[in-house]
Every structure is written in C-alpha cells, then in structure tokens.
2 protein chains.
Amino acid sequence: MKIQFISGQLSTEFFQESISPKELSNHLGEFVTLHGSIYKIRKMSGFAFVLLRTPRQIISCIYGEFSEFNLKSISEESCVKITAIVHPEPRAKQGFELRLKTLQILSSPVEQCPIVIHNKELPISLETCLDYRPISLRNEKNRAIFQLQAGICSGIRHFLDNHEFTEIHTPKLGASGAEGGATLFTLPYFGKEACLAQSPQFYKQILTGVYERVYEIAPVFRAEKHDTSRHLNEYTSVDVELGYLKDFAQLMQLETAMLSSIFSFLSENYKAELELLSIHLPKINQIPVIRFSQAKSYLNFLSSEKEDLSPEEERLLCEKVYQETGSEFIFVTHYPTKKRPFYAMENPENREETLSFDLLFRGMEITTGGQRIHSYEEQLAKIRRLGMDEAVLKSYLMIHRYGIAPHGGFGLGLERFLTCLAQLPNVRYGCLFPRDIHRLTP
Amino acid sequence: MKIQFISGQLSTEFFQESISPKELSNHLGEFVTLHGSIYKIRKMSGFAFVLLRTPRQIISCIYGEFSEFNLKSISEESCVKITAIVHPEPRAKQGFELRLKTLQILSSPVEQCPIVIHNKELPISLETCLDYRPISLRNEKNRAIFQLQAGICSGIRHFLDNHEFTEIHTPKLGASGAEGGATLFTLPYFGKEACLAQSPQFYKQILTGVYERVYEIAPVFRAEKHDTSRHLNEYTSVDVELGYLKDFAQLMQLETAMLSSIFSFLSENYKAELELLSIHLPKINQIPVIRFSQAKSYLNFLSSEKEDLSPEEERLLCEKVYQETGSEFIFVTHYPTKKRPFYAMENPENREETLSFDLLFRGMEITTGGQRIHSYEEQLAKIRRLGMDEAVLKSYLMIHRYGIAPHGGFGLGLERFLTCLAQLPNVRYGCLFPRDIHRLTP
C-alpha cells in the first residue's frame with residue numbers, strides 16, 4: 001500500500017501565513033498578513049478604526065480609501081485574515097498604523113453579542129458576566145487576567161524545576177473517609193462510594209519519600225456551603241512539599257523566594273497585561289512573620305473565634321502590618337493544634353500550637369502550610385487520641401512506618417492569589433469558569 | 001509590636017547544607033555533605049556498600065575503617081545526612097567512590113518493608129505493587145517512570161509555550177447532560193446533580209475564541225466499566241486546541257512536531273532514566289498517515305466492528321506499518337461520522353466521514369483529534385438531527401452563534417503515552433496512583 005507521511009517540521013508559515021503581532025514593528029513600510037477577530041469598528045468621517053483582537057494584543061487598523069473591500073461586509077466578532085501596510089506614524093502609540101488592504105472572512109457571527117464586550121470596563125453584573133462567560137472572556141481586561149494566571153503557573157514551574165522539584169499527578173478520586181467528611185463531595189463508584197480530593201495532601205507527603213521535593217498544580221474540591229466573595233467549590237491548588245526539612249521556617253523562606261520569582265517572571269513577560277490591569281507588583285524581598293497568639297492580641301481579640309482568624313481579622317491584620325512595615329504579605333505562624341489537621345506537627349515546646357503557618361496577602365489567606373508529623377509512634381498516638389479510623393489511613397501510614405524524612409509543605413490557592421494580585425472584587429473574577437453552590441455552568 | 005521577617009533569599013545551604021548529587025564529580029578528593037535514604041546495605045568482608053537514594057540517583061558509598069559510626073545503627077529506609085570523601089577510583093563507573101565518614105540519622109523506619117524495594121526488578125504482582133504503592137514507588141525503576149512523566153509534561157509545555165499557546169484551567173465539575181451520559185460519573189451537588197468532566201472539550205473550544213491557542217494538562221474522568229490493561233477511570237489528559245486552523249492536517253503536523261520536541265527534551269534532560277528503563281526513543285521526523293477505510297481494507301476487515309478499529313486491529317496495524325515504514329507511530333484519519341462526537345466536522349466531500357484522526361503508537365491509540373464544526377447553522381442542524389438537547393448546550397453554542405474561527409485540536413492520554421514509551425505491560429504501571437473499577441486506594 002502507498003503510505004503518505006505527516007512531517008513534524010513546522011514551516012514559518014505554519015500558523016496561517018500570518019506574522020506574530022509582536023513582530024509588527026520590524027516590518028515598517030511593508031505588507032503583512034495577520035489574522036484575528038474584529039473586536040470593534042469605529043466609523044469616522046471618511047475612514048474607520050478597525051480593532052483586531054489577536055491572542056495578546058488589540059491591534060488598531062485603519063480602513064480608508066486604500067482598502068480593497070467593503071466595510072459593510074464585516075461585523076464585530078467576525079474572524080478574518082487581513083493584509084495591511086505597516087505605515088510609519090509618529091503620532092500613533094506604537095509608532096505605526098496598520099492600513100488595511102485586503103480582508104478575507106474566515107467565519108461570521110450569526111448575530112450580535114447580547115453584551116457589549118469591547119469596552120474597557122464591562123457594564124454588567126457579575127452574574128451576567130459569568131452567564132456569558134464564553135464571550136465576556138473576550139473582553140481585553142477579562143482575558144488578561146487569565147494570561148496572568150498562565151504566567152503565574154509558568155513562573156512557579158520555572159522556580160520549582162530550577163530547585164529540583166518533581167511535578168506529580170495525583171488522583172482526584174479516592175476512597176471516602178480518610179480525612180474530615182463535612183466538606184467532601186461523594187459519589188457512587190462501581191458499587192462503592194468515592195470522594196473528590198480536597199487536597200493532594202497524603203500523596204504529596206508520600207512522594208517526598210520518593211522524589212524528596214514535589215509539586216502539583218491541579219484542581220481540588222470542597223463541598224463548603226459558603227456563599228462569599230472568597231470561596232469556590234472547585235479551585236486550583238498549587239501544592240508544594242519538601243523532604244529533609246530543617247525547620248518549618250524553611251517552608252516560609254521557600255514560598256517567599258517562589259513568590260518573588262513569580263513577580264520577576266511576570267514583570268519580564270507580562271508587562272502589557274500588568275499595565276492594562278493597573279497591577280502593581282508588591283515588593284517581596286522579605287515578608288513579616290508574626291505568631292498567631294501575637295496576632296490575636298495585636299488585634300485586641302476582635303473576634304470571638306479563639307482558634308482561628310476571622311476574615312475581618314485577616315483584613316485588619318494586613319492593614320496594620322502594611323502601615324507598620326510596608327509589606328502587603330504577612331506570615332502568621334503557630335496556629336492552635338485544635339484547628340489544624342491530624343498530620344500537623346506540634347510545637348515540642350507547647351503542644352497546644354503547631355509548627356504551621358498561613359500566608360495572608362492584601363487581606364486574604366492565600367496559603368496554609370506547615371511541618372508534618374513523620375514519626376510513626378507520634379502520628380499513631382495522635383490518630384488514636386483524636387478517635388480517628390486507623391484502618392482507612394493504613395496506606396498513608398506506610399510512610400511513617402517504613403521511614404520518611406522530616407518534611408512539610410504548603411498549598412497556594414491559585415484563584416485567590418490571582419484575585420488579590422489583580423485586586424478583583426470577587427474570587428469568581430479570578431477563575432475562568434467558577435463553580436459555587438449555585439453555579440455549575442457554563 | 002516588634003515584627004520579624006522571613007527573607008526570600010535562598011542561601012546555597014538552603015537544602016540541608018548538602019551538595020546536589022550531580023555535582024559530586026566536581027569535588028574529587030574533597031569532603032562533601034549529602035542527604036538521602038539508605039536504599040540498600042550490602043555487607044562484604046571488612047567493609048560494606050551503602051546505597052544512598054537521592055532524588056534522581058542511587059549513590060554507592062563505602063563503609064569501612066575510615067567511617068566514624070557503627071553500621072549497625074542504620075537500617076534500610078533510614079533517612080540520613082552523611083559526610084564523605086569523594087575518593088578518586090578509576091575502577092568505579094563514575095570515576096570515584098564515596099567513603100563514608102560521619103552519619104546522622106534524621107528518621108528511622110519502625111520496621112522493615114514487607115516488600116523488597118531495592119532490587120532491579122520487583123518480584124511482586126501488579127496488585128501487590130499497587131497495594132504498596134507508597135513504598136514500591138521508591139524502587140529505582142518505578143520512580144524513574146514518573147520522572148519521565150514530569151519530563152514529558154515539561155517538554156510539552158516548552159513546546160506549546162514557545163508557540164504562543166496559553167495554559168488554561170477548566171472546571172472538572174459541570175452540569176449533567178451536555179455530552180453522552182453512559183461514561184459520566186455523577187454526584188449530588190447542593191441539591192442538583194453534577195458530573196465529572198470526561199474532557200475539557202467545550203472549554204478549550206470556547207477559549208480558542210479568547211486566546212486562539214490553548215492547552216491544559218489535567219485529570220479527566222470516565223465511568224467506563226472496562227477492566228483491561230489499557231483503561232483507567234481517571235487519567236491525565238493533555239488537551240491542545242488551535243484556532244484559525246487551515247485544515248485538519250495541520251493538527252497532525254502540530255502533534256508530530258510536539259512529540260519530536262518532547263523526545264529531544266527527554267534525551268537532553270533524562271538520559272539516566274531512559275538508560276535505566278532501557279527506553280529507546282522512536283524516530284519521528286515524519287509519521288505515516290492512512291485513512292480509516294484504507295486501514296480497514298489493509299487489515300482485511302479483521303474485526304466485525306465496522307466503524308472503529310478494535311484493539312487487535314490497532315496492534316496489527318502498528319506492526320504492519322512498522323515493518324513497511326520503520327515508524328512506530330501511525331495517524332489514522334477520516335473516522336466514520338457515526339462514531340465521532342456531534343462537534344466533529346464532517347468531510348464536505350463525504351458526510352459519512354469526519355475530518356478527524358487517531359494517533360496510534362506501538363499498538364495503542366494515544367490521541368484522538370480533529371477539526372470541529374464552527375458554523376452555527378451546521379452545528380445546530382447536526383444537534384437536531386441527532387435528537388440532542390439544545391437547551392443544555394446553550395452556553396457552548398454561544399461561540400458558534402457569536403463568532404468563532406475554524407478550529408480543532410487533540411487530546412493525548414499522558415499515562416498511555418508513557419506506558420507505550422516505556423513499554424510497560426499495563427497502563428497502571430504508567431500512573432502514580434491508578435484508579436480502576438476495583439481500585440480507589442491508595
């Protein structure tokens with residue numbers, strides 16, 4: 001039989017014979033081919049501005065006497081391929097204007113969008129924005145948020161890969177019953193009951209015994225009934241775990257260095273998006289650290305909740321720390337043992353508190369972390385003291401039983417971090433397709 | 001209040017004052033500090049070999065008269081910190097041997113592992129291997145498999161980032177009913193019914209309208225009752241989608257280039273793992289391509305299944321193509337419309353077949369891809385013809401209605417790809433913690 005072949009050599013014209021928009025300024029005076037969606041048409045007297053939406057830039061083109069097509073043939077959200085002259089124009093922001101010559105329509109909408117997407121700010125409610133998410137994301141600012149999300153993930157991976165962390169993929173379906181039950185989604189699974197992972201906690205601990213340093217960026221699920229501006233029922237967790245830990249302060253150093261590295265990465269690679277969203281990247285050479293008990297007295301015991309910080313306290317603490325130190329981050333350490341999970345290592349000098357921390361950023365908790373118990377006897381004793389079911393923890397306890405180094409780690413909520421970074425009013429704006437107690441679509 | 005600070009400057013001694021094992025050869029004749037787990041102790045007459053497991057290397061150390069601790073104080077799977085002299089030794093593979101001087105125990109196992117993990121091959125069944133996964137993964141070869149998995153993901157991201165793809169995070173929980181129901185896991189969700197995503201299909205298509213080129217590496221869930229060596233109920237899907245598509249062959253070119261780029265990345269960065277696992281990376285400058293109907297007649301219509309290839313046919317086809325062309329990959333194109341999803345674009349010259357493809361590798365399907373319908377009228381007509389519920393597809397259809405460029409993409413099953421690459425006998429060996437119809441733990 002005669003067999004044909006697909007070549008893996010991508011020609012320079014592989015992507016639609018178009019040039020990359022960022023190379024435009026290298027083509028002054030030349031004809032170029034570009035493709036994109038018509039974002040906005042603004043008719044003037046005798047000419048028109050046609051804004052072309054390309055993956056990371058909105059490019060302003062001029063329709064005029066030099067154009068060889070009828071402006072009426074196109075509508076907003078048409079997908080087109082154009083040729084144009086890159087005409088030097090000192091008055092234009094970029095130093096040139098694109099004079100449209102030919103235009104080929106690749107696809108056209110059936111009707112106009114029911115919401116206006118090409119304004120700087122969308123004059124619609126959060127609900128409407130989310131209901132129309134497939135098209136409201138086409139708004140220049142909305143989509144920039146998730147370009148930054150991609151940049152944050154790249155920045156994290158660069159940092160962790162450079163420090164010899166191994167990326168892992170752990171299961172999101174598991175047997176019910178290992179950790180607390182109230183916030184677990186459960187489902188029928190071939191005659192058994194399964195639950196959705198609320199964190200990769202056990203797996204990342206297990207894998208420090210294999211790779212020493214591991215991380216995962218993946219969805220986690222919390223069946224919490226909260227209906228607030230800071231809760232999602234599914235979110236993306238950045239989980240980091242480190243074996244051969246010296247002390248739990250090391251974890252905070254690692255996270256500080258990681259955040260600092262993310263910000264460098266963003267400022268190098270996402271200048272346009274940061275500018276568009278008016279994001280000021282916080283300074284982060286060092287982060288202040290305060291003990292939980294100190295924080296409570298610092299806040300004059302504002303909340304009746306004794307073993308945790310209330311959202312109001314978190315906000316206030318951030319404000320006060322910012323005024324005092326100029327830092328927009330604050331580590332709170334040594335949370336009460338009662339409020340931390342069974343695997344949290346207790347402070348040997350005071351068993352009432354754990355070697356744990358939260359990281360607050362601009363008023364919100366974005367990370368929980370700490371050192372874990374690695375001694376079998378200690379872990380088993382604690383499980384029994386808490387009246388937990390040892391049997392369901394059997395495979396997890398293999399690491400304690402057959403040897404594991406001192407270890408610890410942290411989890412960073414990607415959407416919360418992004419929300420605080422971009423100073424969005426609701427965490428739902430920091431998630432492409434948020435899931436909350438009311439919303440499962442789109 | 002006096003506030004302390006955590007610095008984000010990581011000192012060179014940040015990780016346990018140890019040097020990175022890969023730098024050992026730069027320290028000939030010197031004292032070094034290292035940490036790791038005792039993988040194996042082999043007593044000889046008058047001395048002993050102590051194998052130290054570090055994240056990517058097993059390092060052979062010598063215990064002898066120069067050692068300042070008692071060999072009896074350590075056991076296999078103890079986590080230790082050692083000092084040693086890097087003693088030049090031309091007869092050793094690496095050109096030196098590590099002579100142990102001091103040893104500090106950081107943690108010790110309570111008892112010996114019930115399975116022997118430090119042999120080249122584990123003499124245990126798949127079931128036992130998986131039951132003891134937290135420790136069987138510590139075996140040198142087992143863990144190398146997932147170092148490669150991490151390398152594959154890095155290779156993919158490097159390639160796609162370089163080609164201006166945007167990484168996305170789409171929800172795994174959704175409303176029931178959009179796509180076929182038989183293979184969906186469903187669960188109660190605050191008084192409604194939710195289902196687990198069997199692919200990010202709709203979301204990645206939606207997002208080509210925002211970012212043009214997108215990808216996601218994330219878990220997907222299939223409630224399939226198959227109990228075979230090639231099925232998992234949860235797996236990691238590498239999803240790629242590309243807007244402004246010229247034709248569907250472009251997708252195969254892109255995947256060929258991506259695979260080629262992955263192999264280059266692995267051969268540069270994972271030499272030791274490839275060698276350890278005796279993996280030969282396939283040549284992949286080009287991949288043969290054959291139409292579905294041709295493949296069927298080429299195989300003399302082996303299977304009674306007319307609209308798909310049976311696993312047996314996939315194996316046989318790969319064998320024949322390998323003999324004829326030397327390629328271990330083969331694209332099969334133009335699958336019957338009846339067997340492809342409702343969004344698959346039909347061949348305008350023959351509506352019975354779609355502009356779609358599968359990629360087979362060493363006998364197994366690892367990718368499904370194709371061009372999608374972008375015309376609203378065409379998609380709506382097909383939905384109605386198939387008797388599907390338009391209402392539940394409303395938000396998905398926004399892209400067709402309000403404008404989307406011609407687009408297409410593919411999904412690569414990460415575990416299957418890894419399994420074929422490492423020539424593992426069962427896909428469960430290619431997954432850290434596999435989920436099948438019987439297994440939800442560990």
# chains A, B, ... in the order shown; residues from 1 in each chain; ligands from 1
>>> residues_around(residues="Val86 (chain A)", least_positions_apart="2", cutoff="12 Å", atoms="only C-alpha atoms", output="JSON, numbers by chain")
{"A": [21, 23, 24, 25, 26, 27, 28, 29, 30, 31, 32, 33, 34, 59, 60, 61, 62, 83, 84, 88, 89, 92, 94, 95, 96, 97, 98, 99, 100, 101]}
>>> residues_around(residues="Lys172 (chain A)", least_positions_apart="5", cutoff="12 Å", atoms="only C-alpha atoms", output="PyMOL selection string")
(chain A and resi 184-186+194-203+216+218-222+234) or (chain B and resi 172-173+196-197+218-221+233-236+433-435+440-442)
>>> residues_around(residues="Asn347 (chain A)", least_positions_apart="6", cutoff="9 Å", atoms="only C-alpha atoms", output="ChimeraX atom specification")
/A:334,337,353-355
>>> write_last_selection(atoms="N, CA and C atoms", output="mmCIF file, in the first residue's frame")
data_model
loop_
_atom_site.group_PDB
_atom_site.id
_atom_site.type_symbol
_atom_site.label_atom_id
_atom_site.label_comp_id
_atom_site.auth_asym_id
_atom_site.auth_seq_id
_atom_site.Cartn_x
_atom_site.Cartn_y
_atom_site.Cartn_z
ATOM 1 N N HIS A 334 2.266 29.258 63.996
ATOM 2 C CA HIS A 334 1.899 28.581 65.240
ATOM 3 C C HIS A 334 0.397 28.603 65.520
ATOM 4 N N THR A 337 -3.302 23.852 67.741
ATOM 5 C CA THR A 337 -3.365 22.437 67.373
ATOM 6 C C THR A 337 -4.803 22.001 67.082
ATOM 7 N N GLU A 353 0.089 24.314 70.246
ATOM 8 C CA GLU A 353 0.231 25.004 68.956
ATOM 9 C C GLU A 353 1.060 24.167 67.992
ATOM 10 N N THR A 354 0.894 24.439 66.692
ATOM 11 C CA THR A 354 1.540 23.632 65.656
ATOM 12 C C THR A 354 2.628 24.428 64.945
ATOM 13 N N LEU A 355 3.540 23.691 64.307
ATOM 14 C CA LEU A 355 4.587 24.312 63.501
ATOM 15 C C LEU A 355 3.998 24.566 62.110
#
>>> residues_around(residues="Gly8 (chain B)", least_positions_apart="6", cutoff="12 Å", atoms="only C-alpha atoms", output="list of chain:residue names")
A:Ala249, A:Gln250, A:Leu251, A:Met252, A:Gln253, A:Leu254, A:Glu255, A:Thr256, A:Ala257, A:Met258, A:Leu259, A:Ser260, A:Ser261, A:Ile262, A:Lys283, A:Ile284, A:Asn285, A:Gln286, A:Ile287, A:Pro288, B:Phe14
>>> write_last_selection(atoms="C-alpha atoms", output="short mmCIF file (atom, residue, chain, number, x, y, z; two decimals), in the first residue's frame")
data_model
loop_
_atom_site.label_atom_id
_atom_site.label_comp_id
_atom_site.auth_asym_id
_atom_site.auth_seq_id
_atom_site.Cartn_x
_atom_site.Cartn_y
_atom_site.Cartn_z
CA ALA A 249 10.68 28.42 58.75
CA GLN A 250 12.39 26.93 55.70
CA LEU A 251 8.96 26.49 54.11
CA MET A 252 8.21 30.17 54.51
CA GLN A 253 11.58 31.05 53.02
CA LEU A 254 10.84 28.80 50.09
CA GLU A 255 7.43 30.36 49.49
CA THR A 256 8.84 33.88 49.79
CA ALA A 257 11.51 33.05 47.22
CA MET A 258 8.88 31.45 44.98
CA LEU A 259 6.59 34.48 45.11
CA SER A 260 9.49 36.77 44.43
CA SER A 261 10.44 34.65 41.45
CA ILE A 262 6.84 34.72 40.13
CA LYS A 283 7.81 44.23 46.85
CA ILE A 284 8.78 40.99 48.43
CA ASN A 285 12.43 40.74 49.41
CA GLN A 286 11.20 39.76 52.83
CA ILE A 287 7.86 39.04 54.48
CA PRO A 288 7.00 39.89 58.09
CA PHE B 14 19.20 26.18 51.94
#
>>> atom_distance(atom1="CA of Cys79 (chain B)", atom2="CA of Ser37 (chain B)")
4.4 Å
>>> residues_around(residues="Glu314 (chain A)", least_positions_apart="6", cutoff="10 Å", atoms="only C-alpha atoms", output="PyMOL selection string")
chain A and resi 295+299+308+330+332+360-365
>>> residues_around(residues="Phe69 (chain B)", least_positions_apart="4", cutoff="9 Å", atoms="only C-alpha atoms", output="MDAnalysis selection string")
chainID B and resid 73 101:104
>>> write_last_selection(atoms="all heavy atoms", output="compact mmCIF listing (two decimals), in the first residue's frame")
# COMPACT_ATOMS: atom_id res chain seq x y z
N SER B 73 23.93 0.83 63.41
CA SER B 73 22.98 1.87 63.84
C SER B 73 22.00 2.24 62.73
O SER B 73 21.01 2.92 62.97
CB SER B 73 23.74 3.12 64.29
OG SER B 73 24.37 3.72 63.17
N LYS B 101 32.19 9.04 56.13
CA LYS B 101 32.90 9.41 57.35
C LYS B 101 31.91 9.48 58.51
O LYS B 101 31.89 8.59 59.34
CB LYS B 101 33.61 10.75 57.14
CG LYS B 101 34.64 11.08 58.20
CD LYS B 101 35.59 12.17 57.70
CE LYS B 101 36.21 12.97 58.83
NZ LYS B 101 36.93 12.19 59.82
N THR B 102 31.05 10.47 58.52
CA THR B 102 30.07 10.55 59.60
C THR B 102 28.66 10.33 59.06
O THR B 102 28.42 10.48 57.86
CB THR B 102 30.08 11.93 60.28
OG1 THR B 102 29.62 12.90 59.34
CG2 THR B 102 31.48 12.30 60.73
N LEU B 103 27.78 9.99 59.96
CA LEU B 103 26.39 9.76 59.58
C LEU B 103 25.47 10.22 60.70
O LEU B 103 25.71 9.91 61.87
CB LEU B 103 26.18 8.27 59.27
CG LEU B 103 24.77 7.85 58.84
CD1 LEU B 103 24.83 6.77 57.78
CD2 LEU B 103 23.96 7.41 60.04
N GLN B 104 24.46 10.99 60.30
CA GLN B 104 23.47 11.46 61.28
C GLN B 104 22.11 10.93 60.85
O GLN B 104 21.72 11.10 59.69
CB GLN B 104 23.48 12.99 61.28
CG GLN B 104 22.49 13.63 62.22
CD GLN B 104 22.30 15.11 61.92
OE1 GLN B 104 23.04 15.71 61.13
NE2 GLN B 104 21.27 15.71 62.51
>>> select_by_dssp(residues="region 64-132 of chain A", states="helix (DSSP H, G or I)", output="number ranges by chain")
A: 71-73, 126-131
>>> atom_distance(atom1="CA of Lys339 (chain A)", atom2="CA of Glu241 (chain A)")
20.7 Å
>>> select_by_dssp(residues="region 280-340 of chain B", states="strand (DSSP E)", output="list in words")
Gln286, Ile287, Pro288, Val289, Ile290, Arg291, Phe329, Ile330, Phe331, Val332 and Thr333 of chain B
>>> closest_residue(among="A:Leu71, A:Ile3, A:Leu393, A:Ile117", to="Lys40 (chain A)", atoms="only C-alpha atoms")
A:Ile117
>>> closest_residue(among="B:Ile85, B:Ile168, B:Ala150, B:Leu412", to="Cys431 (chain A)", atoms="only C-alpha atoms")
B:Ile168
>>> atom_distance(atom1="CA of Leu277 (chain A)", atom2="CA of Gly403 (chain B)")
25.8 Å
>>> closest_residue(among="A:Asp247, A:Glu415, A:Glu68, A:Glu212", to="chain B", atoms="only C-alpha atoms")
A:Glu212
>>> closest_residue(among="A:Ile41, A:Leu359, A:Leu148, A:Leu207", to="Ile399 (chain A)", atoms="only C-alpha atoms")
A:Leu207
>>> closest_residue(among="B:Ile373, B:Met398, B:Cys420, B:Ile82", to="chain A", atoms="only C-alpha atoms")
B:Met398
>>> closest_residue(among="B:Tyr402, B:Tyr335, B:Phe248, B:Tyr189", to="chain A", atoms="only C-alpha atoms")
B:Tyr402
>>> decode(residues="region 323-342 of chain B", atoms="N, CA, C and O atoms", output="PDB file, in the first residue's frame")
ATOM      1  N   GLN B 323       6.750  -2.551   9.967  1.00  0.00           N
ATOM      2  CA  GLN B 323       7.512  -3.366   9.008  1.00  0.00           C
ATOM      3  C   GLN B 323       7.700  -2.637   7.687  1.00  0.00           C
ATOM      4  O   GLN B 323       8.760  -2.678   7.069  1.00  0.00           O
ATOM      5  N   GLU B 324       6.659  -1.925   7.273  1.00  0.00           N
ATOM      6  CA  GLU B 324       6.712  -1.299   5.955  1.00  0.00           C
ATOM      7  C   GLU B 324       7.493   0.020   5.944  1.00  0.00           C
ATOM      8  O   GLU B 324       8.160   0.341   4.973  1.00  0.00           O
ATOM      9  N   THR B 325       7.401   0.771   7.059  1.00  0.00           N
ATOM     10  CA  THR B 325       7.972   2.128   7.035  1.00  0.00           C
ATOM     11  C   THR B 325       9.017   2.369   8.126  1.00  0.00           C
ATOM     12  O   THR B 325       9.707   3.384   8.091  1.00  0.00           O
ATOM     13  N   GLY B 326       9.086   1.498   9.112  1.00  0.00           N
ATOM     14  CA  GLY B 326      10.000   1.728  10.228  1.00  0.00           C
ATOM     15  C   GLY B 326       9.458   2.691  11.262  1.00  0.00           C
ATOM     16  O   GLY B 326      10.138   3.013  12.238  1.00  0.00           O
ATOM     17  N   SER B 327       8.218   3.164  11.064  1.00  0.00           N
ATOM     18  CA  SER B 327       7.654   4.117  12.028  1.00  0.00           C
ATOM     19  C   SER B 327       6.874   3.399  13.131  1.00  0.00           C
ATOM     20  O   SER B 327       6.110   2.473  12.864  1.00  0.00           O
ATOM     21  N   GLU B 328       7.053   3.856  14.353  1.00  0.00           N
ATOM     22  CA  GLU B 328       6.306   3.275  15.477  1.00  0.00           C
ATOM     23  C   GLU B 328       5.013   4.051  15.756  1.00  0.00           C
ATOM     24  O   GLU B 328       4.269   3.720  16.660  1.00  0.00           O
ATOM     25  N   PHE B 329       4.817   5.115  14.974  1.00  0.00           N
ATOM     26  CA  PHE B 329       3.574   5.894  15.075  1.00  0.00           C
ATOM     27  C   PHE B 329       2.796   5.766  13.766  1.00  0.00           C
ATOM     28  O   PHE B 329       3.403   5.611  12.703  1.00  0.00           O
ATOM     29  N   ILE B 330       1.492   5.897  13.845  1.00  0.00           N
ATOM     30  CA  ILE B 330       0.687   5.974  12.627  1.00  0.00           C
ATOM     31  C   ILE B 330      -0.579   6.805  12.891  1.00  0.00           C
ATOM     32  O   ILE B 330      -1.249   6.613  13.908  1.00  0.00           O
ATOM     33  N   PHE B 331      -0.821   7.780  12.021  1.00  0.00           N
ATOM     34  CA  PHE B 331      -2.084   8.526  12.083  1.00  0.00           C
ATOM     35  C   PHE B 331      -3.130   7.800  11.254  1.00  0.00           C
ATOM     36  O   PHE B 331      -2.870   7.455  10.101  1.00  0.00           O
ATOM     37  N   VAL B 332      -4.299   7.579  11.819  1.00  0.00           N
ATOM     38  CA  VAL B 332      -5.430   7.055  11.056  1.00  0.00           C
ATOM     39  C   VAL B 332      -6.454   8.185  10.956  1.00  0.00           C
ATOM     40  O   VAL B 332      -6.787   8.799  11.981  1.00  0.00           O
ATOM     41  N   THR B 333      -6.883   8.499   9.754  1.00  0.00           N
ATOM     42  CA  THR B 333      -7.733   9.685   9.563  1.00  0.00           C
ATOM     43  C   THR B 333      -9.126   9.321   9.059  1.00  0.00           C
ATOM     44  O   THR B 333      -9.386   8.182   8.685  1.00  0.00           O
ATOM     45  N   HIS B 334     -10.007  10.332   9.057  1.00  0.00           N
ATOM     46  CA  HIS B 334     -11.337  10.211   8.457  1.00  0.00           C
ATOM     47  C   HIS B 334     -12.177   9.086   9.085  1.00  0.00           C
ATOM     48  O   HIS B 334     -12.716   8.253   8.376  1.00  0.00           O
ATOM     49  N   TYR B 335     -12.271   9.118  10.389  1.00  0.00           N
ATOM     50  CA  TYR B 335     -13.120   8.131  11.073  1.00  0.00           C
ATOM     51  C   TYR B 335     -14.595   8.375  10.715  1.00  0.00           C
ATOM     52  O   TYR B 335     -14.991   9.511  10.458  1.00  0.00           O
ATOM     53  N   PRO B 336     -15.399   7.305  10.728  1.00  0.00           N
ATOM     54  CA  PRO B 336     -16.816   7.428  10.372  1.00  0.00           C
ATOM     55  C   PRO B 336     -17.553   8.428  11.265  1.00  0.00           C
ATOM     56  O   PRO B 336     -17.339   8.462  12.482  1.00  0.00           O
ATOM     57  N   THR B 337     -18.400   9.205  10.664  1.00  0.00           N
ATOM     58  CA  THR B 337     -19.194  10.218  11.362  1.00  0.00           C
ATOM     59  C   THR B 337     -19.991   9.598  12.514  1.00  0.00           C
ATOM     60  O   THR B 337     -20.119  10.198  13.579  1.00  0.00           O
ATOM     61  N   LYS B 338     -20.491   8.410  12.298  1.00  0.00           N
ATOM     62  CA  LYS B 338     -21.326   7.750  13.318  1.00  0.00           C
ATOM     63  C   LYS B 338     -20.591   7.547  14.638  1.00  0.00           C
ATOM     64  O   LYS B 338     -21.194   7.510  15.697  1.00  0.00           O
ATOM     65  N   LYS B 339     -19.270   7.355  14.573  1.00  0.00           N
ATOM     66  CA  LYS B 339     -18.517   7.047  15.785  1.00  0.00           C
ATOM     67  C   LYS B 339     -17.856   8.268  16.404  1.00  0.00           C
ATOM     68  O   LYS B 339     -17.176   8.156  17.419  1.00  0.00           O
ATOM     69  N   ARG B 340     -18.012   9.422  15.771  1.00  0.00           N
ATOM     70  CA  ARG B 340     -17.361  10.612  16.319  1.00  0.00           C
ATOM     71  C   ARG B 340     -18.400  11.527  16.961  1.00  0.00           C
ATOM     72  O   ARG B 340     -19.574  11.497  16.600  1.00  0.00           O
ATOM     73  N   PRO B 341     -17.973  12.388  17.871  1.00  0.00           N
ATOM     74  CA  PRO B 341     -18.939  13.211  18.604  1.00  0.00           C
ATOM     75  C   PRO B 341     -19.650  14.234  17.699  1.00  0.00           C
ATOM     76  O   PRO B 341     -19.218  14.488  16.579  1.00  0.00           O
ATOM     77  N   PHE B 342     -20.685  14.828  18.231  1.00  0.00           N
ATOM     78  CA  PHE B 342     -21.537  15.733  17.442  1.00  0.00           C
ATOM     79  C   PHE B 342     -20.808  16.989  16.964  1.00  0.00           C
ATOM     80  O   PHE B 342     -21.255  17.654  16.048  1.00  0.00           O
TER      81      PHE B 342
END
